[in-house]
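Okay, target_19.json is below, JSON, C-alpha atoms:
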```json
[["chain", "number", "residue", "atom", "x", "y", "z"],
["O", 1, "MET", "CA", 203.76, -43.14, 51.81],
["O", 2, "ALA", "CA", 206.09, -44.80, 54.35],
["O", 3, "LYS", "CA", 205.77, -48.54, 54.66],
["O", 4, "ARG", "CA", 204.80, -50.10, 57.97],
["O", 5, "PRO", "CA", 207.72, -51.73, 59.89],
["O", 6, "SER", "CA", 206.22, -55.19, 59.54],
["O", 7, "THR", "CA", 205.51, -55.17, 55.82],
["O", 8, "ARG", "CA", 208.36, -57.58, 55.09],
["O", 9, "TYR", "CA", 206.64, -60.06, 57.41],
["O", 10, "GLY", "CA", 203.26, -59.31, 55.85],
["O", 11, "ARG", "CA", 204.52, -60.07, 52.35],
["O", 12, "ALA", "CA", 206.10, -63.30, 53.58],
["O", 13, "VAL", "CA", 202.85, -64.24, 55.27],
["O", 14, "LEU", "CA", 200.90, -63.63, 52.07],
["O", 15, "ALA", "CA", 203.32, -65.88, 50.22],
["O", 16, "LEU", "CA", 202.88, -68.49, 52.94],
["O", 17, "LEU", "CA", 199.14, -68.50, 52.47],
["O", 18, "ILE", "CA", 199.39, -68.21, 48.72],
["O", 19, "ALA", "CA", 197.12, -65.23, 48.89],
["O", 20, "ALA", "CA", 198.56, -62.27, 47.01],
["O", 21, "ALA", "CA", 201.50, -63.74, 45.14],
["O", 22, "VAL", "CA", 199.67, -66.63, 43.51],
["O", 23, "ALA", "CA", 196.20, -65.18, 43.15],
["O", 24, "GLY", "CA", 197.56, -61.89, 41.88],
["O", 25, "ILE", "CA", 195.27, -59.76, 44.00],
["O", 26, "ALA", "CA", 196.23, -56.33, 42.72],
["O", 27, "ALA", "CA", 193.54, -54.45, 44.65],
["O", 28, "PRO", "CA", 192.33, -56.38, 47.74],
["O", 29, "SER", "CA", 189.28, -55.02, 49.44],
["O", 30, "GLN", "CA", 190.43, -52.35, 51.89],
["O", 31, "ALA", "CA", 194.00, -53.69, 51.80],
["O", 32, "GLN", "CA", 197.36, -51.96, 51.78],
["O", 33, "THR", "CA", 199.97, -52.88, 49.16],
["O", 34, "VAL", "CA", 202.60, -55.26, 50.53],
["O", 35, "PRO", "CA", 206.13, -55.15, 49.03],
["O", 36, "ILE", "CA", 207.64, -57.98, 47.03],
["O", 37, "PRO", "CA", 210.45, -59.80, 48.87],
["O", 38, "LYS", "CA", 214.03, -59.43, 47.72],
["O", 39, "PRO", "CA", 215.20, -61.95, 45.14],
["O", 40, "ALA", "CA", 217.23, -64.91, 46.31],
["O", 41, "PRO", "CA", 220.99, -64.28, 46.37],
["O", 42, "LYS", "CA", 223.00, -65.75, 43.53],
["O", 43, "GLY", "CA", 224.91, -68.91, 44.19],
["O", 44, "ARG", "CA", 222.61, -70.21, 46.94],
["O", 45, "ASP", "CA", 222.65, -73.92, 47.57],
["O", 46, "VAL", "CA", 219.76, -75.71, 45.87],
["O", 47, "GLN", "CA", 218.14, -78.89, 47.20],
["O", 48, "ILE", "CA", 216.12, -81.01, 44.83],
["O", 49, "SER", "CA", 213.62, -83.55, 46.13],
["O", 50, "ALA", "CA", 215.14, -86.50, 44.31],
["O", 51, "SER", "CA", 218.46, -85.99, 46.08],
["O", 52, "GLU", "CA", 217.13, -84.97, 49.51],
["O", 53, "PRO", "CA", 218.22, -87.50, 52.17],
["O", 54, "PRO", "CA", 215.39, -89.20, 54.11],
["O", 55, "ARG", "CA", 214.29, -87.39, 57.25],
["O", 56, "ALA", "CA", 212.80, -88.70, 60.44],
["O", 57, "PRO", "CA", 209.07, -89.44, 60.07],
["O", 58, "MET", "CA", 206.60, -86.87, 61.32],
["O", 59, "THR", "CA", 204.79, -87.61, 64.53],
["O", 60, "THR", "CA", 201.63, -86.34, 66.17],
["O", 61, "GLY", "CA", 200.33, -85.99, 69.68],
["O", 62, "ALA", "CA", 202.79, -85.50, 72.56],
["O", 63, "THR", "CA", 205.86, -86.51, 70.59],
["O", 64, "GLN", "CA", 207.44, -83.53, 68.89],
["O", 65, "THR", "CA", 209.82, -83.55, 65.96],
["O", 66, "ALA", "CA", 212.38, -80.92, 65.08],
["O", 67, "ALA", "CA", 211.70, -78.51, 62.27],
["O", 68, "PRO", "CA", 212.44, -80.15, 58.90],
["O", 69, "ASN", "CA", 214.85, -78.74, 56.38],
["O", 70, "PRO", "CA", 212.53, -77.67, 53.54],
["O", 71, "VAL", "CA", 213.28, -78.97, 50.07],
["O", 72, "ILE", "CA", 213.99, -75.89, 48.00],
["O", 73, "PRO", "CA", 213.03, -76.41, 44.35],
["O", 74, "ASP", "CA", 215.66, -75.75, 41.72],
["O", 75, "PRO", "CA", 214.97, -72.18, 40.51],
["O", 76, "ARG", "CA", 216.20, -73.27, 37.05],
["O", 77, "ARG", "CA", 213.49, -75.89, 36.74],
["O", 78, "ASN", "CA", 211.21, -75.78, 33.71],
["O", 79, "VAL", "CA", 207.53, -76.65, 34.01],
["O", 80, "PRO", "CA", 205.52, -77.19, 30.80],
["O", 81, "ALA", "CA", 202.67, -74.76, 30.23],
["O", 82, "ASN", "CA", 200.13, -77.58, 30.14],
["O", 83, "ILE", "CA", 200.80, -81.29, 29.91],
["O", 84, "PHE", "CA", 197.41, -82.66, 30.97],
["O", 85, "ALA", "CA", 197.01, -84.51, 27.68],
["O", 86, "THR", "CA", 200.26, -86.37, 28.34],
["O", 87, "PHE", "CA", 199.49, -87.46, 31.90],
["O", 88, "ASP", "CA", 199.79, -91.23, 32.09],
["O", 89, "ALA", "CA", 197.72, -93.52, 34.29],
["O", 90, "ASN", "CA", 200.29, -93.44, 37.09],
["O", 91, "GLN", "CA", 200.38, -89.64, 37.17],
["O", 92, "LYS", "CA", 196.59, -89.45, 37.25],
["O", 93, "ALA", "CA", 196.55, -91.98, 40.09],
["O", 94, "GLN", "CA", 199.10, -89.92, 42.05],
["O", 95, "ALA", "CA", 197.06, -86.74, 41.55],
["O", 96, "ALA", "CA", 193.94, -88.60, 42.66],
["O", 97, "ARG", "CA", 195.77, -89.77, 45.78],
["O", 98, "VAL", "CA", 196.66, -86.18, 46.70],
["O", 99, "SER", "CA", 193.08, -85.05, 45.96],
["O", 100, "SER", "CA", 191.67, -87.80, 48.17],
["O", 101, "TYR", "CA", 194.00, -86.86, 51.01],
["O", 102, "LEU", "CA", 193.12, -83.16, 50.85],
["O", 103, "SER", "CA", 189.42, -83.97, 50.66],
["O", 104, "SER", "CA", 189.65, -86.27, 53.69],
["O", 105, "LEU", "CA", 190.99, -83.58, 55.99],
["O", 106, "GLN", "CA", 188.63, -81.68, 58.24],
["O", 107, "THR", "CA", 191.10, -80.21, 60.72],
["O", 108, "LEU", "CA", 194.88, -79.96, 60.68],
["O", 109, "VAL", "CA", 197.15, -78.49, 63.33],
["O", 110, "GLY", "CA", 200.92, -78.26, 63.42],
["O", 111, "ASN", "CA", 204.09, -76.23, 63.10],
["O", 112, "PHE", "CA", 205.66, -74.77, 60.00],
["O", 113, "VAL", "CA", 209.00, -73.43, 58.83],
["O", 114, "GLN", "CA", 209.04, -71.00, 55.92],
["O", 115, "VAL", "CA", 211.97, -70.24, 53.62],
["O", 116, "GLY", "CA", 211.62, -66.96, 51.74],
["O", 117, "PRO", "CA", 213.10, -65.99, 48.37],
["O", 118, "ASP", "CA", 216.16, -64.55, 50.12],
["O", 119, "GLY", "CA", 216.74, -67.76, 52.12],
["O", 120, "THR", "CA", 215.41, -66.37, 55.41],
["O", 121, "LYS", "CA", 213.73, -68.98, 57.64],
["O", 122, "ILE", "CA", 210.75, -68.19, 59.90],
["O", 123, "LYS", "CA", 208.82, -70.62, 62.11],
["O", 124, "GLY", "CA", 205.29, -70.64, 63.46],
["O", 125, "ASP", "CA", 202.08, -72.55, 64.17],
["O", 126, "PHE", "CA", 199.07, -73.19, 61.94],
["O", 127, "TYR", "CA", 195.45, -74.29, 62.43],
["O", 128, "ILE", "CA", 193.09, -75.39, 59.65],
["O", 129, "GLN", "CA", 189.40, -76.17, 59.91],
["O", 130, "LYS", "CA", 187.52, -76.88, 56.72],
["O", 131, "PRO", "CA", 185.77, -75.42, 54.95],
["O", 132, "GLY", "CA", 187.50, -72.10, 54.63],
["O", 133, "LYS", "CA", 189.08, -71.46, 58.02],
["O", 134, "VAL", "CA", 192.77, -71.13, 58.80],
["O", 135, "ARG", "CA", 195.09, -69.37, 61.22],
["O", 136, "PHE", "CA", 198.86, -68.92, 60.86],
["O", 137, "GLU", "CA", 200.94, -67.38, 63.63],
["O", 138, "TYR", "CA", 204.64, -66.55, 63.44],
["O", 139, "GLU", "CA", 206.95, -67.01, 66.40],
["O", 140, "PRO", "CA", 208.02, -63.82, 68.23],
["O", 141, "PRO", "CA", 209.29, -61.26, 67.61],
["O", 142, "SER", "CA", 207.03, -61.20, 64.54],
["O", 143, "PRO", "CA", 203.66, -59.61, 65.40],
["O", 144, "ILE", "CA", 201.93, -61.12, 62.34],
["O", 145, "ALA", "CA", 199.02, -63.57, 62.26],
["O", 146, "ILE", "CA", 196.74, -64.60, 59.39],
["O", 147, "ILE", "CA", 193.11, -65.52, 59.97],
["O", 148, "ALA", "CA", 190.55, -66.75, 57.44],
["O", 149, "ASP", "CA", 186.98, -67.02, 58.73],
["O", 150, "GLY", "CA", 185.42, -68.77, 55.75],
["O", 151, "SER", "CA", 184.80, -65.67, 53.64],
["O", 152, "SER", "CA", 187.57, -63.16, 54.38],
["O", 153, "LEU", "CA", 191.30, -63.37, 55.01],
["O", 154, "ALA", "CA", 193.01, -60.94, 57.40],
["O", 155, "VAL", "CA", 196.72, -60.24, 57.72],
["O", 156, "ARG", "CA", 196.95, -58.91, 61.27],
["O", 157, "ASP", "CA", 199.74, -56.92, 62.92],
["O", 158, "SER", "CA", 199.23, -57.05, 66.69],
["O", 159, "LYS", "CA", 202.00, -54.52, 67.35],
["O", 160, "LEU", "CA", 200.41, -51.83, 65.18],
["O", 161, "ALA", "CA", 196.84, -53.06, 65.78],
["O", 162, "THR", "CA", 196.19, -53.06, 62.03],
["O", 163, "GLN", "CA", 195.09, -55.66, 59.53],
["O", 164, "ASP", "CA", 194.67, -56.00, 55.76],
["O", 165, "ILE", "CA", 191.52, -57.73, 54.49],
["O", 166, "TYR", "CA", 191.36, -59.91, 51.35],
["O", 167, "PRO", "CA", 188.41, -61.87, 49.89],
["O", 168, "LEU", "CA", 189.13, -65.52, 50.52],
["O", 169, "SER", "CA", 187.30, -66.53, 47.33],
["O", 170, "GLN", "CA", 190.00, -64.81, 45.27],
["O", 171, "THR", "CA", 192.93, -66.68, 46.79],
["O", 172, "PRO", "CA", 194.23, -70.19, 46.04],
["O", 173, "LEU", "CA", 193.58, -71.04, 49.68],
["O", 174, "ARG", "CA", 190.48, -72.69, 48.24],
["O", 175, "PHE", "CA", 192.79, -75.53, 47.10],
["O", 176, "LEU", "CA", 193.65, -76.35, 50.71],
["O", 177, "LEU", "CA", 190.44, -75.31, 52.45],
["O", 178, "SER", "CA", 187.73, -76.74, 50.19],
["O", 179, "ASP", "CA", 185.61, -79.53, 51.62],
["O", 180, "ARG", "CA", 186.38, -81.70, 48.61],
["O", 181, "ILE", "CA", 188.67, -81.14, 45.63],
["O", 182, "ASP", "CA", 189.65, -83.01, 42.50],
["O", 183, "LEU", "CA", 192.91, -81.39, 41.46],
["O", 184, "LEU", "CA", 192.78, -82.54, 37.84],
["O", 185, "LYS", "CA", 189.22, -81.26, 37.38],
["O", 186, "ASP", "CA", 189.10, -78.24, 39.68],
["O", 187, "THR", "CA", 192.54, -76.72, 39.04],
["O", 188, "ASN", "CA", 195.01, -76.27, 36.20],
["O", 189, "VAL", "CA", 197.51, -79.01, 37.02],
["O", 190, "VAL", "CA", 200.62, -78.68, 34.85],
["O", 191, "SER", "CA", 202.89, -81.27, 36.45],
["O", 192, "VAL", "CA", 202.67, -84.48, 38.49],
["O", 193, "THR", "CA", 205.92, -86.12, 39.59],
["O", 194, "ALA", "CA", 206.91, -88.71, 42.18],
["O", 195, "ASP", "CA", 210.10, -90.10, 43.69],
["O", 196, "ASP", "CA", 210.92, -92.17, 46.78],
["O", 197, "LEU", "CA", 210.17, -89.24, 49.09],
["O", 198, "PHE", "CA", 207.43, -87.08, 47.59],
["O", 199, "ILE", "CA", 204.47, -86.87, 45.27],
["O", 200, "SER", "CA", 204.50, -83.35, 43.81],
["O", 201, "VAL", "CA", 201.57, -81.68, 42.07],
["O", 202, "THR", "CA", 202.07, -78.26, 40.46],
["O", 203, "ILE", "CA", 199.08, -75.99, 39.86],
["O", 204, "GLU", "CA", 199.29, -72.95, 37.61],
["O", 205, "GLU", "CA", 197.27, -69.75, 37.87],
["O", 206, "LYS", "CA", 197.22, -67.12, 35.12],
["O", 207, "GLN", "CA", 196.16, -63.54, 35.68],
["O", 208, "ALA", "CA", 195.91, -61.22, 32.67],
["O", 209, "LEU", "CA", 197.35, -58.18, 34.46],
["O", 210, "ILE", "CA", 199.65, -59.92, 36.92],
["O", 211, "GLY", "CA", 201.21, -62.87, 35.13],
["O", 212, "THR", "CA", 201.62, -66.56, 35.83],
["O", 213, "SER", "CA", 202.08, -68.03, 39.31],
["O", 214, "ARG", "CA", 202.43, -71.60, 40.49],
["O", 215, "LEU", "CA", 201.72, -73.64, 43.58],
["O", 216, "MET", "CA", 203.57, -76.93, 44.11],
["O", 217, "LEU", "CA", 202.02, -79.24, 46.72],
["O", 218, "MET", "CA", 204.18, -82.05, 48.09],
["O", 219, "VAL", "CA", 202.94, -85.04, 50.09],
["O", 220, "GLY", "CA", 204.92, -87.97, 51.43],
["O", 221, "ALA", "CA", 205.28, -90.84, 48.97],
["O", 222, "LYS", "CA", 204.98, -93.38, 51.79],
["O", 223, "ASP", "CA", 202.50, -91.89, 54.24],
["O", 224, "GLY", "CA", 200.54, -89.63, 51.86],
["O", 225, "GLN", "CA", 200.64, -86.73, 54.33],
["O", 226, "LEU", "CA", 201.15, -83.06, 53.47],
["O", 227, "LYS", "CA", 204.84, -82.15, 53.82],
["O", 228, "GLN", "CA", 205.27, -78.78, 52.17],
["O", 229, "TRP", "CA", 204.26, -76.40, 49.40],
["O", 230, "THR", "CA", 206.12, -73.86, 47.28],
["O", 231, "VAL", "CA", 204.67, -70.67, 45.87],
["O", 232, "THR", "CA", 206.28, -69.20, 42.74],
["O", 233, "ASP", "CA", 205.14, -65.63, 42.24],
["O", 234, "PRO", "CA", 204.83, -63.91, 38.83],
["O", 235, "GLN", "CA", 208.38, -62.56, 39.22],
["O", 236, "GLY", "CA", 209.69, -66.12, 39.56],
["O", 237, "TYR", "CA", 210.54, -65.95, 43.27],
["O", 238, "ASP", "CA", 209.87, -69.04, 45.41],
["O", 239, "THR", "CA", 208.57, -69.20, 48.99],
["O", 240, "THR", "CA", 208.59, -72.70, 50.50],
["O", 241, "VAL", "CA", 206.67, -73.81, 53.59],
["O", 242, "ALA", "CA", 207.27, -77.17, 55.29],
["O", 243, "VAL", "CA", 204.85, -78.45, 57.94],
["O", 244, "TYR", "CA", 205.60, -80.83, 60.80],
["O", 245, "ASN", "CA", 204.16, -82.17, 64.06],
["O", 246, "VAL", "CA", 200.87, -82.32, 62.20],
["O", 247, "ASP", "CA", 197.72, -83.60, 63.92],
["O", 248, "SER", "CA", 194.40, -84.12, 62.13],
["O", 249, "SER", "CA", 192.45, -85.30, 65.18],
["O", 250, "ARG", "CA", 192.34, -82.21, 67.40],
["O", 251, "LYS", "CA", 189.16, -80.23, 67.99],
["O", 252, "LEU", "CA", 189.70, -76.51, 67.47],
["O", 253, "ASP", "CA", 188.27, -73.49, 69.25],
["O", 254, "PRO", "CA", 186.05, -71.55, 66.78],
["O", 255, "GLY", "CA", 187.48, -68.35, 68.25],
["O", 256, "LEU", "CA", 190.79, -69.06, 66.52],
["O", 257, "PHE", "CA", 189.18, -68.12, 63.21],
["O", 258, "LYS", "CA", 187.34, -64.98, 64.29],
["O", 259, "ILE", "CA", 188.44, -61.79, 62.57],
["O", 260, "ASP", "CA", 188.41, -58.87, 64.98],
["O", 261, "PHE", "CA", 187.07, -55.86, 63.09],
["O", 262, "THR", "CA", 186.76, -53.79, 66.28],
["O", 263, "ASN", "CA", 190.21, -53.66, 67.85],
["O", 264, "TYR", "CA", 192.16, -53.76, 64.57],
["O", 265, "THR", "CA", 191.99, -50.93, 62.08],
["O", 266, "THR", "CA", 192.23, -51.28, 58.30],
["O", 267, "PRO", "CA", 194.97, -49.05, 56.87],
["O", 268, "PRO", "CA", 193.88, -46.73, 54.06],
["O", 269, "GLY", "CA", 195.00, -47.32, 50.49]]
```

Please render this file's structure as structure tokens.
Amino acid sequence: MAKRPSTRYGRAVLALLIAAAVAGIAAPSQAQTVPIPKPAPKGRDVQISASEPPRAPMTTGATQTAAPNPVIPDPRRNVPANIFATFDANQKAQAARVSSYLSSLQTLVGNFVQVGPDGTKIKGDFYIQKPGKVRFEYEPPSPIAIIADGSSLAVRDSKLATQDIYPLSQTPLRFLLSDRIDLLKDTNVVSVTADDLFISVTIEEKQALIGTSRLMLMVGAKDGQLKQWTVTDPQGYDTTVAVYNVDSSRKLDPGLFKIDFTNYTTPPG
């Protein structure tokens, strides 16, 4: 069966939301298979957080900042399978700080820039309202948007008037969209690190038929605000998303999170 023209965007979107790649959803409800992105080219430049030069602080409200240059994790990095027993008091405190921050959020609005496994950058806007609601929109010419309404997640193609539906409960979006979360208790944390710029918490998900995937959340070491996350799919490919111009005080229109099941069809398969 021929693939839809926008499937490369759809797969990138799913990586952005950590829906298919991390959760390993092999057979989403009424969803069409989305292709895996091409592997990153050999010899690409690698940026590691410890050596990343300081960037201008993020701002909210009317003042806008330029898109940040995402910190691309070293693809050669090794993460222990499980080091919870070796977490020291400082690491536990850092994980608790990230948990507290995520739990404190009710709404979050801003811009994002995504770097795919092949180095391609795409920008867009995002809207989060907890619990369980999110909307991601890519800048034109991409026709893709993602909407989660609290129970389902839709990957929508406005050009083709189609959308793929996934159960939200089976995606790691619950890490970002839960009312409250304790990362060390509610997830399988395998790494907690910190430097002058970031606190990084890596969560591992294992699926018997799919393999092992990871999600690395990064918050600012100084301001404690969400800066970016990286999804590593079972094939070892990374997709990194950096957020900026974030605002946690805006009231959001409930219509942003409504999934239209009337004007958008669900492709067979």

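Atom to atom, CA of Asp233 (chain O) and CA of Ser213 (chain O) stand 4.9 Å apart.
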
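By only C-alpha atoms, and with residues fewer than 4 positions from region 83-97 of chain O along its chain excluded, the set lying at most 8 Å from it is Tyr101, Asp182, Leu183, Leu184, Val189, Val190, Ser191, Val192, Thr193, Ala194, Ile199, Val201 and Gly224 of chain O.
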
Just to be explicit: take each residue in the selection above, keep C-alpha atoms, and write the result as an mmCIF file, in the coordinates of the input.
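Everything below was put into result04.cif:
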```
data_model
loop_
_atom_site.group_PDB
_atom_site.id
_atom_site.type_symbol
_atom_site.label_atom_id
_atom_site.label_comp_id
_atom_site.auth_asym_id
_atom_site.auth_seq_id
_atom_site.Cartn_x
_atom_site.Cartn_y
_atom_site.Cartn_z
ATOM 1 C CA TYR O 101 194.000 -86.860 51.010
ATOM 2 C CA ASP O 182 189.650 -83.010 42.500
ATOM 3 C CA LEU O 183 192.910 -81.390 41.460
ATOM 4 C CA LEU O 184 192.780 -82.540 37.840
ATOM 5 C CA VAL O 189 197.510 -79.010 37.020
ATOM 6 C CA VAL O 190 200.620 -78.680 34.850
ATOM 7 C CA SER O 191 202.890 -81.270 36.450
ATOM 8 C CA VAL O 192 202.670 -84.480 38.490
ATOM 9 C CA THR O 193 205.920 -86.120 39.590
ATOM 10 C CA ALA O 194 206.910 -88.710 42.180
ATOM 11 C CA ILE O 199 204.470 -86.870 45.270
ATOM 12 C CA VAL O 201 201.570 -81.680 42.070
ATOM 13 C CA GLY O 224 200.540 -89.630 51.860
#
```

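Remark: for Ile122 (chain O), the closest of the candidate residues O:Ala67, O:Ile203, O:Ile146, O:Leu209 is O:Ala67 (distances computed over all atoms listed in the file).
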
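Taking CA of Asp157 (chain O) and CA of Gly255 (chain O) as the two end points, the separation is 17.6 Å.
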
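A straight line drawn from CA of Val219 (chain O) to CA of Ala154 (chain O) is 27.1 Å long.
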
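Each of O:Pro267, O:Gly124, O:Pro75, O:Pro254 was compared to Ala148 (chain O) using all atoms listed in the file, and O:Pro254 turns out to be the nearest.
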
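Of the residues under consideration (O:Leu108, O:Ala66, O:Gln114, O:Ser151), O:Gln114 shows the shortest atom-to-atom contact distance to Val241 (chain O) when counting only C-alpha atoms.
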
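All polymer residues at most 10 Å from (203.0, -64.5, 63.6), using all atoms listed in the file, appear as O:Tyr9, O:Gly10, O:Val13, O:Ile122, O:Lys123, O:Gly124, O:Asp125, O:Phe126, O:Arg135, O:Phe136, O:Glu137, O:Tyr138, O:Glu139, O:Pro140, O:Pro141, O:Ser142, O:Pro143, O:Ile144, O:Ala145, O:Ile146, O:Val155, O:Arg156, O:Asp157, O:Ser158.
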
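In terms of minimum interatomic distance to Val71 (chain O), O:Val113 ranks closest within O:Leu160, O:Leu256, O:Val113, O:Val98, counting all atoms listed in the file.
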